[in-house]
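This report concerns only the one structure given below.
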Amino acid sequence: MTGQQIMVGLDVGTTKTCVVVAALRGSGAEMLGCGLAPSAGLRKGMVINIDETVDSINKAVREAESSAGVKIKSVSVGISGSHIRGFDSSGAIGIRGREVTDSDVKRAIDSARTVYIPLDRELLHTVPNEYVLDGQEGITDPVAMSGVRLEARVHIITAAVSPLQNLLKCCGRAGVEVAEVVFAPLASARAVLSKEEKEAGVIVVDIGGGTTDIVLFKGGNLRHASVIAVGGNHFTNDIAVGLRVTMKEAERLKKEAGAAYELIVASAEKIEITQAGGQQRTLPKKYLAEILQPRCEEMLDLLRDEIKKCGGYGSAVCGIVLTGGVSRLTGLDQLAEAVLGLPVRLGSPGAIRGLRAIAEAPLYAAGAGLAAAGGESEPQGTPRPDVMQGALSRMTGLVKDIFKNADHFHFMNRKEGGILCLKSRK
Ligand SMILES: Nc1ncnc2c1ncn2[C@@H]1O[C@H](COP(=O)(O)OP(=O)(O)OP(=O)(O)O)[C@@H](O)[C@H]1O
Ligand SMILES: [Mg+2]
């Protein structure tokens, strides 16, 4: 056990902080444990209260440590929020008719990355999509091919500096070192997508409490990434206002009896509610769906506009995978299929076996994908063998596929002293 590589994913969301701990075992990975804590220090994916966020990270990390039996030192942390931007870029180099080497590929990517980035933004990822060698497009790996001009086409993801630094500050204050910062829906996509789906074309929509994150893959590559500042908290708020109940009660009603559209709920179904003043009432469940349906449709309309903008309809994607907590709202997948005009399935980190809570919960998708993102980090800790024996669950296979793709990501790293720098994985 000693010296094995431990990978930790930290997903600091608007409603919950989730920590997933995994260990690399041979060609696969094994889930060791996880921690979950409510989060109240973020709004729309961005930190608005440092102390509350630190507190939430602390709780989730401590829970994950005792569940996994390891001391967590460093993590891959997810970031989201409407400040995230993605755009295509390309760069070319001359290779004088000889064979392309790894270092040529790196130089071409570096050249594609040489774009103007405003001072208030930071480069998060440079994801290579394809290479063009002497005009021949669609090359996935040009190494050992001969040519004169090598072009790299990449997708660049940037984040605003302040939300990024606030998140790093919270991690630092909670005593965890940040090895990597990953755009959260990329991590979710790793955990819920198959290689075939990425190849055929697929859109992952992670609907959380404060944000809806969208990533589009086609031909195995990332083509688009964006964030809409709408999430489950808006749904809860609508119920609280509509039924004059507290946010806590509205949250309970949404999860227990909410539905995305009215037709799905039988007229006879009833639910007990407690109003803000303490009075109990019995209401038809249809009332809840009547409140939620317009908000769901509004969110799906925004999503359809976003899919149109990024060419999702034109590029013939095979469907949409919904993840994040809101994906569990009854009937949302059916409504999404009707509004978006594409097949929709629910995505949970299904490749993880054994750890029931995770296998079944789409809200763990980002955390699981982030743990996998740490696969190339330095070994961090030594799990306590006694704790691992009984409680550990196997997830061999999850990371096998993920690590192949992880090579393509160029993660941002944090140096000692809080200075941000880029770390190339090639
Ligand atoms: N069964 C359910 N039905 C409806 N909504 C649900 C259900 N379960 C969870 N949710 C909602 O999902 C949201 C939380 O999802 P998630 O944990 O993915 O968000 P987050 O990661 O904390 O936030 P974000 O990613 O936006 O920063 C909450 O609004 C919660 O009410
Ligand atoms: Mg989230």
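Residue numbering restarts at 1 in every chain; chains get A, B, ... in the order shown in the structure tokens, and ligands count up from 1 in that same order.
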Step by step, measure atom-to-atom distances between ligand 2 and each residue using only C-alpha atoms and all ligand atoms, keep those at most 7 Å, then write them as a list in words.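 Protein and nucleic-acid residues within 7 Å of ligand 2: Asp11, Gly13, Thr14, Asp206, Gly208, Gly324, Leu363 and Ala366 of chain A.
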Print the selection's residues with N, CA and C atoms to a file, as a PDB file, in the first residue's frame.
```pdb
ATOM      1  N   ASP A  11     -14.766  19.303  -5.363  1.00  0.00           N
ATOM      2  CA  ASP A  11     -15.760  20.047  -6.139  1.00  0.00           C
ATOM      3  C   ASP A  11     -16.480  20.996  -5.187  1.00  0.00           C
ATOM      4  N   GLY A  13     -19.129  23.408  -4.827  1.00  0.00           N
ATOM      5  CA  GLY A  13     -20.315  23.858  -5.566  1.00  0.00           C
ATOM      6  C   GLY A  13     -21.084  24.931  -4.822  1.00  0.00           C
ATOM      7  N   THR A  14     -22.146  25.417  -5.456  1.00  0.00           N
ATOM      8  CA  THR A  14     -22.982  26.460  -4.859  1.00  0.00           C
ATOM      9  C   THR A  14     -23.801  25.915  -3.687  1.00  0.00           C
ATOM     10  N   ASP A 206     -24.303  20.021 -17.017  1.00  0.00           N
ATOM     11  CA  ASP A 206     -24.254  19.802 -15.569  1.00  0.00           C
ATOM     12  C   ASP A 206     -25.076  20.917 -14.915  1.00  0.00           C
ATOM     13  N   GLY A 208     -26.315  22.449 -11.765  1.00  0.00           N
ATOM     14  CA  GLY A 208     -26.081  22.468 -10.320  1.00  0.00           C
ATOM     15  C   GLY A 208     -27.039  23.434  -9.637  1.00  0.00           C
ATOM     16  N   GLY A 324     -25.367  16.622 -12.618  1.00  0.00           N
ATOM     17  CA  GLY A 324     -25.617  17.646 -11.597  1.00  0.00           C
ATOM     18  C   GLY A 324     -26.922  17.336 -10.874  1.00  0.00           C
ATOM     19  N   LEU A 363     -24.665  14.177  -8.713  1.00  0.00           N
ATOM     20  CA  LEU A 363     -24.005  15.336  -8.097  1.00  0.00           C
ATOM     21  C   LEU A 363     -22.563  15.035  -7.691  1.00  0.00           C
ATOM     22  N   ALA A 366     -18.737  15.509 -10.897  1.00  0.00           N
ATOM     23  CA  ALA A 366     -17.581  16.400 -11.004  1.00  0.00           C
ATOM     24  C   ALA A 366     -16.476  15.958 -10.041  1.00  0.00           C
TER      25      ALA A 366
END
```
Which residues are near A:Val115? Cut-off 12 Å, only C-alpha atoms, ignore same chain within fewer than 6 positions. Put them as a PyMOL selection string. chain A and resi 87-91+109+122-123+126+154-158
A:Lys254: which residues within 12 Å, counting only C-alpha atoms, same-chain residues fewer than 5 positions away excluded, as a count of residues only? 32
Atom pair atom CA of A:Val19 / atom 12 (O, counted along the ligand's line) of ligand 1: separation (Å):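 It comes out at 16.8 Å.
The space separating atom CA of A:Ser348 from atom CA of A:Pro362 comes to 4.3 Å.
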Where does DSSP see helix (DSSP H, G or I) in stretch 49-244 of chain A, if you list the residues as a VMD selection string? chain A and resid 50 to 68 102 to 113 161 to 173 184 to 192 195 to 200 232 to 243
Interatomic distance (Å, one decimal) between atom CA of A:Arg149 and atom CA of A:Ala92: 6.8 Å
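Distance annotation: of A:Ala372, A:Ile48, A:Val105, A:Ile79, the residue with the minimal separation from ligand 1 is A:Ile79; atom set is only C-alpha atoms and all ligand atoms.
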Nearest to ligand 1, restricted to only C-alpha atoms and all ligand atoms and choosing among A:Asn49, A:Gln165, A:Glu65, A:Ala40, comes out as A:Ala40
Nearest to ligand 1, restricted to only C-alpha atoms and all ligand atoms and choosing among A:Val241, A:Ala37, A:Leu168, A:Val61, comes out as A:Ala37
Would you please extract all strand (DSSP E) residues from stretch 48-107 of chain A, as assigned by DSSP on the backbone, and give them as JSON, numbers by chain? {"A": [74, 75, 76, 77, 78, 79, 85, 86, 87, 88, 89, 90, 91, 92, 93, 94]}
With only C-alpha atoms as the basis for distance, which of A:Leu335, A:Leu283, A:Val178, A:Leu222 is at the shortest distance from A:Lys198?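 Closest candidate: A:Leu222.
Ranking A:Ala276, A:Leu253, A:Cys170, A:Leu346 by their shortest atom-to-atom distance to ligand 1, with only C-alpha atoms and all ligand atoms included, puts A:Leu253 first.
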Residue neighbourhood stretch 97-99 of chain A, 7 Å, only C-alpha atoms, exclusion window fewer than 3 positions, as a CSV table (one decimal) with all heavy atoms, in the first residue's frame:
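Saved the output as selection.csv:
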```csv
chain,number,residue,atom,x,y,z
A,144,ALA,N,5.8,11.2,-35.8
A,144,ALA,CA,6.4,10.3,-36.8
A,144,ALA,C,5.9,10.5,-38.2
A,144,ALA,O,6.4,9.8,-39.1
A,144,ALA,CB,6.2,8.8,-36.4
A,145,MET,N,5.0,11.4,-38.4
A,145,MET,CA,4.6,11.7,-39.8
A,145,MET,C,5.5,12.7,-40.4
A,145,MET,O,6.1,13.5,-39.6
A,145,MET,CB,3.1,12.3,-39.8
A,145,MET,CG,2.1,11.3,-39.4
A,145,MET,SD,0.5,12.1,-39.5
A,145,MET,CE,-0.6,10.8,-39.2
A,146,SER,N,5.7,12.7,-41.7
A,146,SER,CA,6.6,13.7,-42.3
A,146,SER,C,5.8,14.9,-42.9
A,146,SER,O,4.7,14.6,-43.5
A,146,SER,CB,7.5,13.0,-43.4
A,146,SER,OG,8.2,12.0,-42.8
A,147,GLY,N,6.4,16.1,-42.9
A,147,GLY,CA,5.7,17.2,-43.5
A,147,GLY,C,6.6,18.4,-43.3
A,147,GLY,O,7.7,18.4,-42.8
A,148,VAL,N,6.0,19.6,-43.8
A,148,VAL,CA,6.7,20.8,-43.8
A,148,VAL,C,6.1,21.8,-42.7
A,148,VAL,O,6.8,22.5,-42.0
A,148,VAL,CB,6.7,21.5,-45.2
A,148,VAL,CG1,7.3,22.9,-45.2
A,148,VAL,CG2,7.4,20.6,-46.2
```
Using only C-alpha atoms, which residues sit within 10 Å of A:Ala152 once same-chain residues fewer than 4 positions away are excluded, as a PDB file with C-alpha atoms, in the first residue's frame?
```pdb
ATOM      1  CA  SER A  89      -7.270  28.965 -31.465  1.00  0.00           C
ATOM      2  CA  SER A  90      -4.600  27.590 -33.765  1.00  0.00           C
ATOM      3  CA  GLY A  91      -0.847  27.867 -34.176  1.00  0.00           C
ATOM      4  CA  ALA A  92       1.616  26.535 -36.737  1.00  0.00           C
ATOM      5  CA  ILE A  93       5.322  25.717 -36.877  1.00  0.00           C
ATOM      6  CA  VAL A 105       3.713  18.908 -31.185  1.00  0.00           C
ATOM      7  CA  LYS A 106       4.408  20.788 -27.973  1.00  0.00           C
ATOM      8  CA  ARG A 107       5.758  23.779 -29.903  1.00  0.00           C
ATOM      9  CA  ALA A 108       2.688  23.842 -32.166  1.00  0.00           C
ATOM     10  CA  ILE A 109       0.402  23.772 -29.110  1.00  0.00           C
ATOM     11  CA  ASP A 110       2.454  26.519 -27.450  1.00  0.00           C
ATOM     12  CA  SER A 111       2.090  28.574 -30.599  1.00  0.00           C
ATOM     13  CA  ALA A 112      -1.721  28.056 -30.577  1.00  0.00           C
ATOM     14  CA  ARG A 113      -1.717  29.150 -26.953  1.00  0.00           C
ATOM     15  CA  PRO A 128      -5.671  20.046 -28.480  1.00  0.00           C
ATOM     16  CA  ASN A 129      -8.456  19.122 -30.883  1.00  0.00           C
ATOM     17  CA  GLU A 130      -6.687  18.185 -34.088  1.00  0.00           C
ATOM     18  CA  TYR A 131      -3.517  18.700 -36.090  1.00  0.00           C
ATOM     19  CA  VAL A 132      -3.131  19.756 -39.702  1.00  0.00           C
ATOM     20  CA  LEU A 133      -0.006  18.593 -41.518  1.00  0.00           C
ATOM     21  CA  ILE A 139      -4.857  14.235 -37.632  1.00  0.00           C
ATOM     22  CA  THR A 140      -5.115  13.086 -34.018  1.00  0.00           C
ATOM     23  CA  PRO A 142       1.085  13.634 -35.968  1.00  0.00           C
TER      24      PRO A 142
END
```
Which residue, A:Pro185, A:Gly172, A:Gly69, A:Gly312, has the smallest gap to A:Ile84 when you use only C-alpha atoms?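 Under the stated criterion, the closest residue is A:Pro185.
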